[in-house]
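Pasting model-v1.cif here (mmCIF, C-alpha atoms and all ligand atoms):
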```cif
data_entry
#
loop_
_atom_site.label_atom_id
_atom_site.label_comp_id
_atom_site.auth_asym_id
_atom_site.auth_seq_id
_atom_site.Cartn_x
_atom_site.Cartn_y
_atom_site.Cartn_z
CA MET U 1 -4.05 0.96 -21.67
CA SER U 2 -7.02 2.96 -20.42
CA GLU U 3 -5.33 4.46 -17.33
CA ARG U 4 -2.76 6.11 -19.58
CA THR U 5 -5.49 7.99 -21.46
CA PHE U 6 -6.62 9.48 -18.12
CA TYR U 7 -3.13 10.76 -17.23
CA ASN U 8 -2.65 12.09 -20.77
CA GLU U 9 -5.64 14.42 -20.32
CA LYS U 10 -4.63 18.08 -20.31
CA GLN U 11 -6.99 18.88 -17.41
CA VAL U 12 -5.42 16.17 -15.21
CA ARG U 13 -1.95 17.58 -15.84
CA GLU U 14 -3.09 21.13 -15.15
CA GLU U 15 -4.39 20.12 -11.71
CA HIS U 16 -0.77 19.61 -10.69
CA HIS U 17 0.79 23.02 -10.26
CA LEU U 18 2.95 24.69 -7.66
CA ASN U 19 0.92 26.26 -4.84
CA LYS U 20 1.82 26.94 -1.21
CA HIS U 21 1.14 23.31 -0.26
CA THR U 22 3.15 21.71 -3.07
CA GLN U 23 5.89 24.24 -2.29
CA GLU U 24 5.97 22.95 1.29
CA LYS U 25 6.39 19.39 -0.02
CA LEU U 26 9.01 20.53 -2.54
CA ASP U 27 11.03 22.25 0.21
CA LEU U 28 11.02 19.05 2.28
CA LEU U 29 12.07 16.92 -0.71
CA ASN U 30 14.86 19.34 -1.60
CA LYS U 31 16.08 19.19 2.01
CA TRP U 32 16.21 15.39 1.84
CA ILE U 33 17.82 15.47 -1.63
CA LYS U 34 20.55 17.73 -0.22
CA GLU U 35 21.17 15.28 2.63
CA CYS U 36 21.46 12.35 0.16
CA ASP U 37 23.67 14.41 -2.20
CA PRO U 38 23.07 12.07 -5.16
CA ASN U 39 25.10 11.93 -8.37
CA THR U 40 22.08 10.51 -10.15
CA LEU U 41 18.45 11.13 -9.26
CA LEU U 42 15.53 9.41 -10.98
CA ASP U 43 11.99 10.73 -10.45
CA VAL U 44 9.67 7.83 -11.21
CA GLY U 45 6.18 9.00 -12.21
CA CYS U 46 7.30 12.60 -12.56
CA GLY U 47 4.12 13.65 -14.43
CA ASN U 48 4.37 17.18 -15.81
CA GLY U 49 7.48 17.87 -13.71
CA VAL U 50 5.82 20.26 -11.25
CA LEU U 51 8.25 18.97 -8.59
CA THR U 52 10.99 17.49 -10.80
CA ASN U 53 11.63 20.79 -12.61
CA ASN U 54 12.29 22.36 -9.20
CA PHE U 55 14.51 19.70 -7.63
CA VAL U 56 17.96 21.01 -6.69
CA VAL U 57 20.74 18.52 -7.36
CA ASN U 58 24.27 19.84 -6.87
CA ASN U 59 26.32 18.73 -9.88
CA GLY U 60 24.18 15.63 -10.14
CA ALA U 61 22.23 14.24 -13.06
CA LEU U 62 18.47 14.43 -12.83
CA CYS U 63 16.09 12.41 -14.96
CA GLY U 64 12.30 12.05 -15.00
CA LEU U 65 10.29 8.99 -15.97
CA ASP U 66 6.59 8.77 -16.68
CA PHE U 67 4.26 6.65 -18.81
CA SER U 68 2.34 9.70 -20.04
CA LEU U 69 4.18 11.07 -23.06
CA SER U 70 2.19 14.30 -23.12
CA SER U 71 3.16 15.03 -19.47
CA LEU U 72 6.85 14.51 -20.23
CA GLN U 73 6.76 17.27 -22.83
CA GLU U 74 6.70 19.79 -20.00
CA LEU U 75 9.84 18.38 -18.39
CA GLU U 76 12.94 20.59 -18.47
CA MET U 77 15.46 17.74 -18.26
CA PRO U 78 16.17 14.34 -19.82
CA ALA U 79 13.07 12.19 -19.69
CA ILE U 80 12.25 8.54 -20.20
CA CYS U 81 8.81 7.30 -21.22
CA GLY U 82 8.41 4.16 -19.17
CA ASP U 83 6.21 2.25 -16.78
CA ILE U 84 6.93 1.87 -13.06
CA THR U 85 6.10 -1.85 -13.34
CA HIS U 86 8.79 -2.36 -16.03
CA LEU U 87 11.55 0.15 -15.33
CA PRO U 88 13.93 0.42 -18.27
CA ILE U 89 16.92 1.31 -16.03
CA ARG U 90 19.82 -0.94 -15.09
CA ARG U 91 20.70 -1.80 -11.50
CA ASN U 92 23.26 0.33 -9.62
CA HIS U 93 22.97 3.38 -11.91
CA ILE U 94 20.81 5.54 -9.62
CA ASP U 95 21.77 7.06 -6.23
CA LEU U 96 18.36 8.40 -5.28
CA VAL U 97 14.91 7.35 -6.48
CA ILE U 98 11.96 9.64 -5.87
CA CYS U 99 8.42 8.44 -6.40
CA SER U 100 5.89 11.11 -5.52
CA GLU U 101 2.10 10.66 -5.68
CA VAL U 102 2.35 7.49 -7.73
CA LEU U 103 1.97 4.38 -5.57
CA GLU U 104 -1.60 5.25 -4.53
CA HIS U 105 -2.63 5.07 -8.20
CA LEU U 106 -1.65 1.40 -8.58
CA ASN U 107 -3.74 -1.71 -8.09
CA ASP U 108 -2.42 -4.50 -5.81
CA THR U 109 -0.52 -6.35 -8.56
CA GLN U 110 0.95 -3.16 -9.98
CA LEU U 111 2.03 -2.04 -6.50
CA GLN U 112 3.82 -5.36 -5.93
CA ASP U 113 5.60 -5.03 -9.29
CA ALA U 114 6.46 -1.36 -8.63
CA VAL U 115 8.01 -2.13 -5.23
CA PHE U 116 10.07 -4.91 -6.82
CA GLN U 117 11.20 -2.62 -9.65
CA LEU U 118 12.08 0.32 -7.40
CA GLN U 119 14.11 -1.94 -5.10
CA SER U 120 15.84 -3.57 -8.09
CA LEU U 121 17.53 -0.28 -8.94
CA ASN U 122 19.50 -0.82 -5.72
CA ALA U 123 19.75 2.93 -4.99
CA PRO U 124 21.08 3.85 -1.53
CA HIS U 125 17.93 5.91 -0.90
CA ILE U 126 14.29 5.93 -1.98
CA ILE U 127 11.95 8.83 -1.21
CA ILE U 128 8.20 8.44 -1.63
CA THR U 129 5.21 10.68 -1.02
CA VAL U 130 1.64 9.39 -0.82
CA PRO U 131 -1.67 10.69 0.59
CA ASN U 132 -1.62 10.37 4.37
CA ASP U 133 -4.06 7.71 5.61
CA GLU U 134 -6.63 8.73 3.00
CA THR U 135 -10.26 7.64 3.43
CA LEU U 136 -10.43 6.40 -0.16
CA GLY U 137 -14.22 6.16 -0.22
CA LYS U 138 -14.61 9.78 0.82
CA ASN U 139 -13.47 10.86 -2.61
CA SER U 140 -15.56 8.32 -4.48
CA ILE U 141 -18.03 9.12 -7.15
CA LYS U 142 -20.59 7.01 -9.00
CA CYS U 143 -20.43 6.82 -12.78
CA LYS U 144 -23.89 7.67 -14.11
CA ASN U 145 -23.15 5.72 -17.26
CA CYS U 146 -22.07 2.29 -15.92
CA GLY U 147 -22.64 2.64 -12.17
CA LEU U 148 -19.00 2.02 -11.17
CA ILE U 149 -18.00 3.63 -7.89
CA PHE U 150 -14.46 4.97 -8.15
CA ASN U 151 -12.08 7.43 -6.52
CA VAL U 152 -12.09 10.68 -8.53
CA SER U 153 -8.29 10.89 -8.51
CA HIS U 154 -7.94 7.19 -9.41
CA HIS U 155 -6.42 6.35 -6.03
CA PHE U 156 -6.55 2.63 -5.28
CA GLN U 157 -4.18 2.31 -2.31
CA ARG U 158 -4.21 3.75 1.19
CA PHE U 159 -0.97 4.29 3.13
CA ASP U 160 -0.09 5.22 6.67
CA HIS U 161 3.33 5.23 8.33
CA LYS U 162 2.79 1.70 9.69
CA LYS U 163 2.22 0.35 6.18
CA LEU U 164 5.38 2.12 5.00
CA ASP U 165 7.42 0.14 7.56
CA TYR U 166 6.85 -3.00 5.50
CA LEU U 167 6.65 -1.50 2.01
CA PHE U 168 10.23 -2.13 0.84
CA PRO U 169 11.65 -5.31 2.43
CA ASP U 170 15.20 -4.44 1.28
CA TYR U 171 15.04 -0.98 2.85
CA ARG U 172 14.35 0.46 6.27
CA LEU U 173 12.09 3.44 6.83
CA ALA U 174 14.55 6.10 8.01
CA ARG U 175 12.15 9.02 8.53
CA TYR U 176 8.68 10.19 7.63
CA LYS U 177 6.91 13.55 7.78
CA THR U 178 3.44 14.81 6.99
CA CYS U 179 2.77 18.08 5.16
CA GLY U 180 0.23 19.85 2.98
CA ARG U 181 -3.30 21.13 3.40
CA LEU U 182 -5.33 19.86 6.33
CA VAL U 183 -8.04 17.38 5.41
CA ARG U 184 -10.56 15.43 7.41
CA SER U 185 -10.95 11.67 7.35
CA TYR U 186 -14.48 10.25 7.24
CA VAL U 187 -15.90 7.64 9.61
CA LYS U 188 -16.82 4.69 7.39
CA PRO U 189 -20.33 3.93 8.76
CA LEU U 190 -21.23 7.62 8.36
CA LEU U 191 -19.85 7.57 4.85
CA ARG U 192 -21.99 4.55 4.00
CA ILE U 193 -25.08 6.39 5.24
CA ARG U 194 -24.17 9.48 3.25
CA GLN U 195 -23.54 7.57 0.04
CA ASN U 196 -26.10 4.76 0.17
CA LEU U 197 -28.96 6.52 1.90
CA GLY U 198 -28.22 10.09 0.88
CA ASN U 199 -26.86 9.26 -2.61
CA ARG U 200 -24.32 12.01 -1.93
CA TRP U 201 -20.93 11.30 -3.46
CA THR U 202 -17.81 13.41 -3.28
CA TYR U 203 -17.84 17.13 -3.88
CA PHE U 204 -17.09 17.50 -7.54
CA SER U 205 -17.08 20.64 -9.61
CA LYS U 206 -17.19 21.17 -13.35
CA GLN U 207 -13.71 22.64 -13.10
CA ARG U 208 -12.31 19.29 -12.02
CA TYR U 209 -11.73 16.47 -14.46
CA THR U 210 -12.15 12.77 -14.01
CA GLN U 211 -12.84 9.75 -16.14
CA CYS U 212 -14.57 6.48 -15.31
CA PRO U 213 -11.91 3.71 -15.24
CA ASN U 214 -14.48 1.25 -16.59
CA CYS U 215 -16.38 2.98 -19.42
CA GLN U 216 -14.01 5.96 -19.83
CA THR U 217 -16.80 8.52 -19.84
CA ASP U 218 -15.90 11.93 -18.46
CA GLN U 219 -19.55 12.93 -18.10
CA ILE U 220 -19.87 12.67 -14.34
CA ALA U 221 -23.03 13.55 -12.43
CA LEU U 222 -22.71 16.35 -9.89
CA TYR U 223 -24.28 15.32 -6.60
CA LYS U 224 -25.71 18.04 -4.41
CA PRO U 225 -25.75 18.16 -0.60
CA ASN U 226 -29.00 17.05 1.03
CA LEU U 227 -30.36 16.69 4.57
CA ILE U 228 -28.73 13.29 5.10
CA SER U 229 -25.32 14.44 3.86
CA LEU U 230 -25.49 17.65 5.87
CA PHE U 231 -26.17 15.59 8.98
CA THR U 232 -23.39 13.02 8.36
CA ASP U 233 -20.89 15.78 7.43
CA ALA U 234 -21.69 17.70 10.62
CA PHE U 235 -21.49 14.59 12.80
CA ASN U 236 -18.24 13.53 11.12
CA ALA U 237 -16.73 16.98 11.76
CA VAL U 238 -17.38 16.53 15.48
CA VAL U 239 -15.78 13.08 15.76
CA THR U 240 -12.75 13.46 13.47
CA GLN U 241 -9.73 15.74 13.32
CA LYS U 242 -8.01 17.28 10.33
CA LYS U 243 -4.55 16.10 9.40
CA PRO U 244 -1.96 16.98 6.72
CA TYR U 245 -2.76 15.49 3.33
CA TRP U 246 0.67 14.08 2.39
CA LEU U 247 2.93 11.52 3.96
CA CYS U 248 6.56 11.78 2.84
CA ALA U 249 9.12 9.11 3.68
CA ILE U 250 12.78 8.42 3.12
CA PHE U 251 14.08 4.83 3.00
CA LYS U 252 17.68 3.64 3.35
CA ARG U 253 18.98 0.46 1.74
CA LYS U 254 19.64 -2.23 4.39
ZN ZN T 301 -18.51 4.27 -16.17
#
```
Spell out the structure here as structure tokens.
Amino acid sequence: MSERTFYNEKQVREEHHLNKHTQEKLDLLNKWIKECDPNTLLDVGCGNGVLTNNFVVNNGALCGLDFSLSSLQELEMPAICGDITHLPIRRNHIDLVICSEVLEHLNDTQLQDAVFQLQSLNAPHIIITVPNDETLGKNSIKCKNCGLIFNVSHHFQRFDHKKLDYLFPDYRLARYKTCGRLVRSYVKPLLRIRQNLGNRWTYFSKQRYTQCPNCQTDQIALYKPNLISLFTDAFNAVVTQKKPYWLCAIFKRK
């Protein structure tokens, strides 16, 4: 599975570390965990455990699950190597499911399967975090090898709080909150001008790692600003506002 090779990359794992923004998200999640007071907590798609290793569960059992075996090696608790679309956990064994920065990485079919699987656990609560109303195309890049246009972080889904209302049919959206660094959305017609006319794709540095989902190359061209992109960026800054990057939500079983 090619996506797994991307998440197994050391550089991808190292991008996820605790900074003041992830700390803000962690504090919110720990507040919600305390309110749920679970005996069993499962973190689905825990990655390298940057959040999971810092969850506070009073006398409860905490377990992480991820499909990247190399990420799980950094986990400081019991871990399961598994896929969100085929969860190897029996129904009624989990009190709280957390799924942070995972759902946006799934295609439509995988998202459908993941929602079904998460609901099947029948936990009283589910907490998810996703990017907040992300302009997916803003973070797109063009593979110089095969020409595929893809989101650098391999995000395929966009969520806002309205979409969350209908995400889990067996659950109701109890609360949601935004947090994290402030980012700007991009007006789509301006983005099309910037990318198609200006051939200016997302800001991308050599320090950052990505991989083409089609041909798997990690040799990505670095696109420089030009007159067209400077104009569209400036115009976009006038007509849009910044908003927090993450959307966190807690669902209660109906
Ligand atoms: Zn490619």
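Distances here use only C-alpha atoms; by that measure, the residue among U:Ile84, U:Leu227, U:Ala123, U:Ala234 closest to Gln110 in chain U is U:Ile84.
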Checklist entry - Could you name the residues that touch Thr85 in chain U at 8 Å or less, counting all atoms listed in the file, but leaving out those on the same chain fewer than 2 positions away, as a list in words? => result Asp83, Leu87, Gln110, Leu111, Asp113, Ala114 and Gln117 of chain U
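Rounded to one decimal, CA of Trp246 in chain U and CA of Lys34 in chain U lie 20.4 Å from each other.
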Item to check | Test item: residues at most 9 Å from Ile94 in chain U, only C-alpha atoms, excluding those fewer than 2 positions along its chain, as a list in words | outcome: Pro38, Asn39, Thr40, Leu41, Leu42, Ile89, Arg90, Arg91, Asn92, Leu96, Val97, Leu121, Asn122, Ala123 and Pro124 of chain U
Okay, now the selection with C-alpha atoms, as a compact mmCIF listing (two decimals), in the frame of the given file?
```
# COMPACT_ATOMS: atom_id res chain seq x y z
CA PRO U 38 23.07 12.07 -5.16
CA ASN U 39 25.10 11.93 -8.37
CA THR U 40 22.08 10.51 -10.15
CA LEU U 41 18.45 11.13 -9.26
CA LEU U 42 15.53 9.41 -10.98
CA ILE U 89 16.92 1.31 -16.03
CA ARG U 90 19.82 -0.94 -15.09
CA ARG U 91 20.70 -1.80 -11.50
CA ASN U 92 23.26 0.33 -9.62
CA LEU U 96 18.36 8.40 -5.28
CA VAL U 97 14.91 7.35 -6.48
CA LEU U 121 17.53 -0.28 -8.94
CA ASN U 122 19.50 -0.82 -5.72
CA ALA U 123 19.75 2.93 -4.99
CA PRO U 124 21.08 3.85 -1.53
```
For ligand ZN 301 (chain T), list the contacting residues at 6 Å or closer, counting only C-alpha atoms and all ligand atoms, as a compact mmCIF listing (two decimals) with C-alpha atoms, keeping the file's coordinate frame.
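Wrote it out as selection_15.txt, contents follow:
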```txt
# COMPACT_ATOMS: atom_id res chain seq x y z
CA CYS U 143 -20.43 6.82 -12.78
CA ASN U 145 -23.15 5.72 -17.26
CA CYS U 146 -22.07 2.29 -15.92
CA GLY U 147 -22.64 2.64 -12.17
CA LEU U 148 -19.00 2.02 -11.17
CA CYS U 212 -14.57 6.48 -15.31
CA ASN U 214 -14.48 1.25 -16.59
CA CYS U 215 -16.38 2.98 -19.42
CA THR U 217 -16.80 8.52 -19.84
```
Item to check | Nearest to Ser120 in chain U by atom-to-atom distance, counting only C-alpha atoms, from U:Asp160, U:Phe168, U:Phe55, U:Phe251 | outcome: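 The shortest atom-to-atom distance to Ser120 in chain U comes from U:Phe168.
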Checklist entry - Using all atoms listed in the file, which of the listed residues (U:Glu104, U:His86, U:His125, U:Ser70) sits closest to Asp37 in chain U? => result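 Closest residue, counting all atoms listed in the file: U:His125.
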Checklist entry - Using all atoms listed in the file, which of U:Gln241, U:Ser229, U:Asn58, U:Gln119 sits nearest Pro169 in chain U? => result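 Distance minimum relative to Pro169 in chain U lands on U:Gln119.
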Please return, as a compact mmCIF listing (two decimals) with C-alpha atoms, in the frame of the given file, all polymer residues that have at least one atom within 9 Å of the point (-11.2, 11.7, 5.6); use all atoms listed in the file and the file's own coordinate frame.
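Final output, saved to selection_8.txt:
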```
# COMPACT_ATOMS: atom_id res chain seq x y z
CA ASP U 133 -4.06 7.71 5.61
CA GLU U 134 -6.63 8.73 3.00
CA THR U 135 -10.26 7.64 3.43
CA LEU U 136 -10.43 6.40 -0.16
CA GLY U 137 -14.22 6.16 -0.22
CA LYS U 138 -14.61 9.78 0.82
CA ASN U 139 -13.47 10.86 -2.61
CA VAL U 183 -8.04 17.38 5.41
CA ARG U 184 -10.56 15.43 7.41
CA SER U 185 -10.95 11.67 7.35
CA TYR U 186 -14.48 10.25 7.24
CA VAL U 187 -15.90 7.64 9.61
CA THR U 240 -12.75 13.46 13.47
CA GLN U 241 -9.73 15.74 13.32
CA LYS U 242 -8.01 17.28 10.33
CA LYS U 243 -4.55 16.10 9.40
```
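As for CA of Asp233 in chain U and CA of Cys248 in chain U, they are spaced 28.1 Å apart.
The space between CA of His17 in chain U and CA of Glu3 in chain U spans 20.8 Å.
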